[in-house]
Amino acid sequence: MTAPHPRIARSTLINLAGAAIPAVLLLITVPIYLHLIGEARYGVLAIVWLLLGYFGVFDLGFGRAVANRIAALHDATAEERQGIFWTGLAISAVTGLIGGAILYLLGDWLFAHVFHISGSLRIEAENAMPWLASALPLAIIISLLAGALEGRQAFLALNGAQIFGTVLYQLFPLVVAYAGWITLPYLIAAAIVGRLLSVLLLFALSYRHVPLSPRPRFALNQVKSLLHYGGWITVTGLVGPLLTVFDRFLIGAKVGMVAVTAYTVPYNLVMRLSILPASLQTALFPRFAMVD
């Protein structure tokens, strides 16, 4: 099954739409969040998502590595691509569980001793840590599934699924807050339900586009090459976020959660301006991977 080669301009526009729609949704939902749960709780929630994003390095770069290998195997048999997919998925699930355990232990220490959080909010954050730890394996599996679809240049399916997941990820906690459950454990649990549905949709799309057979096929001989490629991605993943999120950790530790909210909202909106070059990069990545 030879992968189609959509036009780069079309792929870029699809990726751009996939990034722009969540940005518009963010503009709409942030004021509602602030009204429903308050600035301090939203600041804690922002720190929680930052922790989850930074611990995404526990995917060991397998999302990008799988995208690279599947794109390179665009003219190979489906069995070869399946081996890459299932091997990457198995390792990502294991590393996600390990990362979740570490996040649980470290998160308790951060909220207890580093960030300036009032007594009730600190208790909420500590009670929410089991939910946050369980969210990490899902986030890492989403990265892997997205990499598989990107490698197949299935950008319409990928962005549609990511928009679907983002909508649920943003709206489910709002529904819970409207119902009167505004504590962090309820809000994070609702967001995790949205993540879980996103995983199921991405897996169904990967099943179609890779394509997969009902019986998993593993390629243990590919583990070394995946780890080698993913290792460099992991180095970038460790260093890069420190330069872009450390400021919010410092603000939270020195000033407090309300200041984190005041800083994070405009920062996130400005960072959305990078969606055009990022959309082009995503479209180009599998094309370069196909070239010797």
# chains A, B, ... in the order shown; residues from 1 in each chain; ligands from 1

call {"tool": "residues_around", "arguments": {"residues": "A:Leu110", "least_positions_apart": "6", "cutoff": "12 Å", "atoms": "only C-alpha atoms", "output": "PyMOL selection string"}}
result
chain A and resi 44+47-48+51+103-104+116-117+122+125-126+129+249-250+252-253

call {"tool": "write_last_selection", "arguments": {"atoms": "N, CA and C atoms", "output": "PDB file, in the first residue's frame"}}
result
ATOM      1  N   VAL A  44      -2.868  27.284  38.995  1.00  0.00           N
ATOM      2  CA  VAL A  44      -2.418  25.941  39.376  1.00  0.00           C
ATOM      3  C   VAL A  44      -2.626  24.970  38.219  1.00  0.00           C
ATOM      4  N   ILE A  47       0.109  25.311  35.711  1.00  0.00           N
ATOM      5  CA  ILE A  47       1.330  24.633  36.157  1.00  0.00           C
ATOM      6  C   ILE A  47       1.199  23.121  35.973  1.00  0.00           C
ATOM      7  N   VAL A  48       0.020  22.587  36.272  1.00  0.00           N
ATOM      8  CA  VAL A  48      -0.218  21.147  36.109  1.00  0.00           C
ATOM      9  C   VAL A  48      -0.007  20.723  34.666  1.00  0.00           C
ATOM     10  N   LEU A  51       3.681  20.732  33.759  1.00  0.00           N
ATOM     11  CA  LEU A  51       4.345  19.521  34.255  1.00  0.00           C
ATOM     12  C   LEU A  51       4.075  18.337  33.329  1.00  0.00           C
ATOM     13  N   LEU A 103       6.375  11.422  37.951  1.00  0.00           N
ATOM     14  CA  LEU A 103       5.627  12.676  38.024  1.00  0.00           C
ATOM     15  C   LEU A 103       4.804  12.744  39.300  1.00  0.00           C
ATOM     16  N   TYR A 104       4.207  11.631  39.685  1.00  0.00           N
ATOM     17  CA  TYR A 104       3.401  11.593  40.903  1.00  0.00           C
ATOM     18  C   TYR A 104       4.248  11.945  42.132  1.00  0.00           C
ATOM     19  N   HIS A 116       3.967  28.665  45.581  1.00  0.00           N
ATOM     20  CA  HIS A 116       3.197  29.406  46.574  1.00  0.00           C
ATOM     21  C   HIS A 116       1.712  29.150  46.341  1.00  0.00           C
ATOM     22  N   ILE A 117       1.164  28.163  47.027  1.00  0.00           N
ATOM     23  CA  ILE A 117      -0.235  27.802  46.864  1.00  0.00           C
ATOM     24  C   ILE A 117      -0.894  27.804  48.239  1.00  0.00           C
ATOM     25  N   ARG A 122      -3.547  23.811  47.641  1.00  0.00           N
ATOM     26  CA  ARG A 122      -2.447  22.851  47.703  1.00  0.00           C
ATOM     27  C   ARG A 122      -2.978  21.440  47.945  1.00  0.00           C
ATOM     28  N   ALA A 125      -4.377  20.244  44.690  1.00  0.00           N
ATOM     29  CA  ALA A 125      -3.323  19.851  43.758  1.00  0.00           C
ATOM     30  C   ALA A 125      -2.733  18.497  44.129  1.00  0.00           C
ATOM     31  N   GLU A 126      -2.518  18.282  45.423  1.00  0.00           N
ATOM     32  CA  GLU A 126      -1.969  17.000  45.864  1.00  0.00           C
ATOM     33  C   GLU A 126      -2.955  15.858  45.611  1.00  0.00           C
ATOM     34  N   MET A 129      -2.898  14.645  41.926  1.00  0.00           N
ATOM     35  CA  MET A 129      -1.695  14.049  41.357  1.00  0.00           C
ATOM     36  C   MET A 129      -1.901  12.646  40.790  1.00  0.00           C
ATOM     37  N   PHE A 249       7.422  28.476  36.036  1.00  0.00           N
ATOM     38  CA  PHE A 249       7.736  27.792  37.289  1.00  0.00           C
ATOM     39  C   PHE A 249       8.327  28.786  38.292  1.00  0.00           C
ATOM     40  N   LEU A 250       9.203  29.672  37.815  1.00  0.00           N
ATOM     41  CA  LEU A 250       9.833  30.660  38.691  1.00  0.00           C
ATOM     42  C   LEU A 250       8.802  31.649  39.235  1.00  0.00           C
ATOM     43  N   GLY A 252       5.604  31.082  39.609  1.00  0.00           N
ATOM     44  CA  GLY A 252       4.767  30.362  40.569  1.00  0.00           C
ATOM     45  C   GLY A 252       5.449  30.188  41.909  1.00  0.00           C
ATOM     46  N   ALA A 253       6.774  29.981  41.886  1.00  0.00           N
ATOM     47  CA  ALA A 253       7.510  29.766  43.129  1.00  0.00           C
ATOM     48  C   ALA A 253       7.730  31.064  43.889  1.00  0.00           C
TER      49      ALA A 253
END

call {"tool": "residues_around", "arguments": {"residues": "stretch 229-238 of chain A", "least_positions_apart": "4", "cutoff": "9 Å", "atoms": "only C-alpha atoms", "output": "PyMOL selection string"}}
result
chain A and resi 54-66+68+224-225+242

call {"tool": "residues_around", "arguments": {"residues": "stretch 199-209 of chain A", "least_positions_apart": "5", "cutoff": "7 Å", "atoms": "only C-alpha atoms", "output": "PDB file with N, CA, C and O atoms, in the first residue's frame"}}
result
ATOM      1  N   ILE A 142      -0.651   9.315  22.673  1.00  0.00           N
ATOM      2  CA  ILE A 142      -1.161  10.241  21.660  1.00  0.00           C
ATOM      3  C   ILE A 142      -0.032  10.711  20.754  1.00  0.00           C
ATOM      4  O   ILE A 142      -0.181  10.799  19.524  1.00  0.00           O
ATOM      5  N   LEU A 145       0.765   7.849  18.326  1.00  0.00           N
ATOM      6  CA  LEU A 145      -0.273   7.681  17.314  1.00  0.00           C
ATOM      7  C   LEU A 145      -0.249   8.827  16.307  1.00  0.00           C
ATOM      8  O   LEU A 145      -0.412   8.617  15.091  1.00  0.00           O
ATOM      9  N   ALA A 148       2.540   8.247  13.861  1.00  0.00           N
ATOM     10  CA  ALA A 148       2.221   7.255  12.833  1.00  0.00           C
ATOM     11  C   ALA A 148       1.404   7.869  11.707  1.00  0.00           C
ATOM     12  O   ALA A 148       1.670   7.637  10.515  1.00  0.00           O
ATOM     13  N   LEU A 149       0.414   8.692  12.051  1.00  0.00           N
ATOM     14  CA  LEU A 149      -0.407   9.336  11.022  1.00  0.00           C
ATOM     15  C   LEU A 149       0.397  10.371  10.241  1.00  0.00           C
ATOM     16  O   LEU A 149       0.228  10.519   9.025  1.00  0.00           O
ATOM     17  N   ARG A 152       2.460   8.772   7.605  1.00  0.00           N
ATOM     18  CA  ARG A 152       1.655   8.378   6.450  1.00  0.00           C
ATOM     19  C   ARG A 152       1.070   9.578   5.722  1.00  0.00           C
ATOM     20  O   ARG A 152       0.293   9.419   4.785  1.00  0.00           O
ATOM     21  N   ALA A 157      -6.826  13.411   8.612  1.00  0.00           N
ATOM     22  CA  ALA A 157      -7.251  12.558   9.719  1.00  0.00           C
ATOM     23  C   ALA A 157      -6.584  12.987  11.026  1.00  0.00           C
ATOM     24  O   ALA A 157      -7.234  13.064  12.076  1.00  0.00           O
ATOM     25  N   ALA A 161      -8.630  14.567  14.234  1.00  0.00           N
ATOM     26  CA  ALA A 161      -8.616  13.899  15.531  1.00  0.00           C
ATOM     27  C   ALA A 161      -8.079  14.810  16.622  1.00  0.00           C
ATOM     28  O   ALA A 161      -8.583  14.815  17.759  1.00  0.00           O
TER      29      ALA A 161
END

call {"tool": "residues_around", "arguments": {"residues": "A:Pro173", "least_positions_apart": "6", "cutoff": "7 Å", "atoms": "only C-alpha atoms", "output": "list in words"}}
result
Leu187, Ala190 and Ala191 of chain A

call {"tool": "write_last_selection", "arguments": {"atoms": "N, CA and C atoms", "output": "CSV table (one decimal), in the first residue's frame"}}
result
chain,number,residue,atom,x,y,z
A,187,LEU,N,-11.6,18.6,37.7
A,187,LEU,CA,-11.3,19.2,36.4
A,187,LEU,C,-10.3,18.4,35.6
A,190,ALA,N,-11.8,15.2,34.2
A,190,ALA,CA,-12.7,15.4,33.1
A,190,ALA,C,-11.8,15.6,31.8
A,191,ALA,N,-10.7,16.3,32.0
A,191,ALA,CA,-9.8,16.5,30.8
A,191,ALA,C,-9.2,15.1,30.4

call {"tool": "select_by_dssp", "arguments": {"residues": "stretch 93-241 of chain A", "states": "alpha helix (DSSP H)", "output": "VMD selection string"}}
result
chain A and resid 93 to 113 119 to 151 155 to 178 184 to 209 223 to 241

call {"tool": "decode", "arguments": {"residues": "stretch 58-77 of chain A", "atoms": "N, CA, C and O atoms", "output": "PDB file, in the first residue's frame"}}
result
ATOM      1  N   PHE A  58       9.314  11.551  28.362  1.00  0.00           N
ATOM      2  CA  PHE A  58       9.388  10.118  28.634  1.00  0.00           C
ATOM      3  C   PHE A  58       8.916   9.277  27.449  1.00  0.00           C
ATOM      4  O   PHE A  58       8.973   8.048  27.516  1.00  0.00           O
ATOM      5  N   ASP A  59       8.454   9.928  26.382  1.00  0.00           N
ATOM      6  CA  ASP A  59       8.180   9.129  25.183  1.00  0.00           C
ATOM      7  C   ASP A  59       9.475   8.771  24.463  1.00  0.00           C
ATOM      8  O   ASP A  59       9.463   8.003  23.498  1.00  0.00           O
ATOM      9  N   LEU A  60      10.625   9.325  24.964  1.00  0.00           N
ATOM     10  CA  LEU A  60      11.954   9.036  24.421  1.00  0.00           C
ATOM     11  C   LEU A  60      12.058   9.370  22.937  1.00  0.00           C
ATOM     12  O   LEU A  60      12.849   8.776  22.207  1.00  0.00           O
ATOM     13  N   GLY A  61      11.252  10.340  22.505  1.00  0.00           N
ATOM     14  CA  GLY A  61      11.293  10.749  21.102  1.00  0.00           C
ATOM     15  C   GLY A  61      10.668   9.746  20.149  1.00  0.00           C
ATOM     16  O   GLY A  61      10.832   9.872  18.929  1.00  0.00           O
ATOM     17  N   PHE A  62       9.920   8.767  20.672  1.00  0.00           N
ATOM     18  CA  PHE A  62       9.390   7.716  19.808  1.00  0.00           C
ATOM     19  C   PHE A  62       8.309   8.237  18.869  1.00  0.00           C
ATOM     20  O   PHE A  62       8.099   7.667  17.794  1.00  0.00           O
ATOM     21  N   GLY A  63       7.587   9.287  19.258  1.00  0.00           N
ATOM     22  CA  GLY A  63       6.592   9.855  18.358  1.00  0.00           C
ATOM     23  C   GLY A  63       7.225  10.320  17.061  1.00  0.00           C
ATOM     24  O   GLY A  63       6.767   9.990  15.960  1.00  0.00           O
ATOM     25  N   ARG A  64       8.322  11.071  17.187  1.00  0.00           N
ATOM     26  CA  ARG A  64       9.028  11.560  15.997  1.00  0.00           C
ATOM     27  C   ARG A  64       9.767  10.432  15.297  1.00  0.00           C
ATOM     28  O   ARG A  64       9.844  10.385  14.059  1.00  0.00           O
ATOM     29  N   ALA A  65      10.333   9.515  16.076  1.00  0.00           N
ATOM     30  CA  ALA A  65      11.073   8.401  15.478  1.00  0.00           C
ATOM     31  C   ALA A  65      10.147   7.517  14.641  1.00  0.00           C
ATOM     32  O   ALA A  65      10.501   7.087  13.539  1.00  0.00           O
ATOM     33  N   VAL A  66       8.946   7.242  15.157  1.00  0.00           N
ATOM     34  CA  VAL A  66       7.987   6.430  14.412  1.00  0.00           C
ATOM     35  C   VAL A  66       7.521   7.172  13.163  1.00  0.00           C
ATOM     36  O   VAL A  66       7.367   6.568  12.089  1.00  0.00           O
ATOM     37  N   ALA A  67       7.287   8.473  13.277  1.00  0.00           N
ATOM     38  CA  ALA A  67       6.910   9.257  12.092  1.00  0.00           C
ATOM     39  C   ALA A  67       7.995   9.167  11.026  1.00  0.00           C
ATOM     40  O   ALA A  67       7.703   8.988   9.826  1.00  0.00           O
ATOM     41  N   ASN A  68       9.246   9.275  11.451  1.00  0.00           N
ATOM     42  CA  ASN A  68      10.366   9.219  10.514  1.00  0.00           C
ATOM     43  C   ASN A  68      10.462   7.852   9.838  1.00  0.00           C
ATOM     44  O   ASN A  68      10.593   7.749   8.611  1.00  0.00           O
ATOM     45  N   ARG A  69      10.387   6.771  10.616  1.00  0.00           N
ATOM     46  CA  ARG A  69      10.550   5.424  10.058  1.00  0.00           C
ATOM     47  C   ARG A  69       9.365   5.027   9.185  1.00  0.00           C
ATOM     48  O   ARG A  69       9.540   4.424   8.122  1.00  0.00           O
ATOM     49  N   ILE A  70       8.152   5.360   9.593  1.00  0.00           N
ATOM     50  CA  ILE A  70       6.985   5.011   8.786  1.00  0.00           C
ATOM     51  C   ILE A  70       6.989   5.785   7.477  1.00  0.00           C
ATOM     52  O   ILE A  70       6.628   5.247   6.411  1.00  0.00           O
ATOM     53  N   ALA A  71       7.413   7.046   7.519  1.00  0.00           N
ATOM     54  CA  ALA A  71       7.517   7.818   6.276  1.00  0.00           C
ATOM     55  C   ALA A  71       8.573   7.210   5.358  1.00  0.00           C
ATOM     56  O   ALA A  71       8.377   7.108   4.138  1.00  0.00           O
ATOM     57  N   ALA A  72       9.706   6.801   5.932  1.00  0.00           N
ATOM     58  CA  ALA A  72      10.764   6.196   5.123  1.00  0.00           C
ATOM     59  C   ALA A  72      10.309   4.880   4.502  1.00  0.00           C
ATOM     60  O   ALA A  72      10.801   4.472   3.444  1.00  0.00           O
ATOM     61  N   LEU A  73       9.344   4.207   5.135  1.00  0.00           N
ATOM     62  CA  LEU A  73       8.846   2.919   4.639  1.00  0.00           C
ATOM     63  C   LEU A  73       7.551   3.089   3.842  1.00  0.00           C
ATOM     64  O   LEU A  73       6.720   2.183   3.778  1.00  0.00           O
ATOM     65  N   HIS A  74       7.398   4.247   3.186  1.00  0.00           N
ATOM     66  CA  HIS A  74       6.134   4.521   2.493  1.00  0.00           C
ATOM     67  C   HIS A  74       5.862   3.539   1.361  1.00  0.00           C
ATOM     68  O   HIS A  74       4.710   3.260   1.034  1.00  0.00           O
ATOM     69  N   ASP A  75       6.918   2.975   0.758  1.00  0.00           N
ATOM     70  CA  ASP A  75       6.737   2.010  -0.328  1.00  0.00           C
ATOM     71  C   ASP A  75       6.942   0.573   0.136  1.00  0.00           C
ATOM     72  O   ASP A  75       6.921  -0.346  -0.683  1.00  0.00           O
ATOM     73  N   ALA A  76       7.156   0.387   1.441  1.00  0.00           N
ATOM     74  CA  ALA A  76       7.375  -0.961   1.972  1.00  0.00           C
ATOM     75  C   ALA A  76       6.040  -1.664   2.194  1.00  0.00           C
ATOM     76  O   ALA A  76       4.963  -1.099   1.979  1.00  0.00           O
ATOM     77  N   THR A  77       6.113  -2.894   2.655  1.00  0.00           N
ATOM     78  CA  THR A  77       4.885  -3.632   2.938  1.00  0.00           C
ATOM     79  C   THR A  77       4.245  -3.122   4.222  1.00  0.00           C
ATOM     80  O   THR A  77       4.917  -2.539   5.088  1.00  0.00           O
TER      81      THR A  77
END
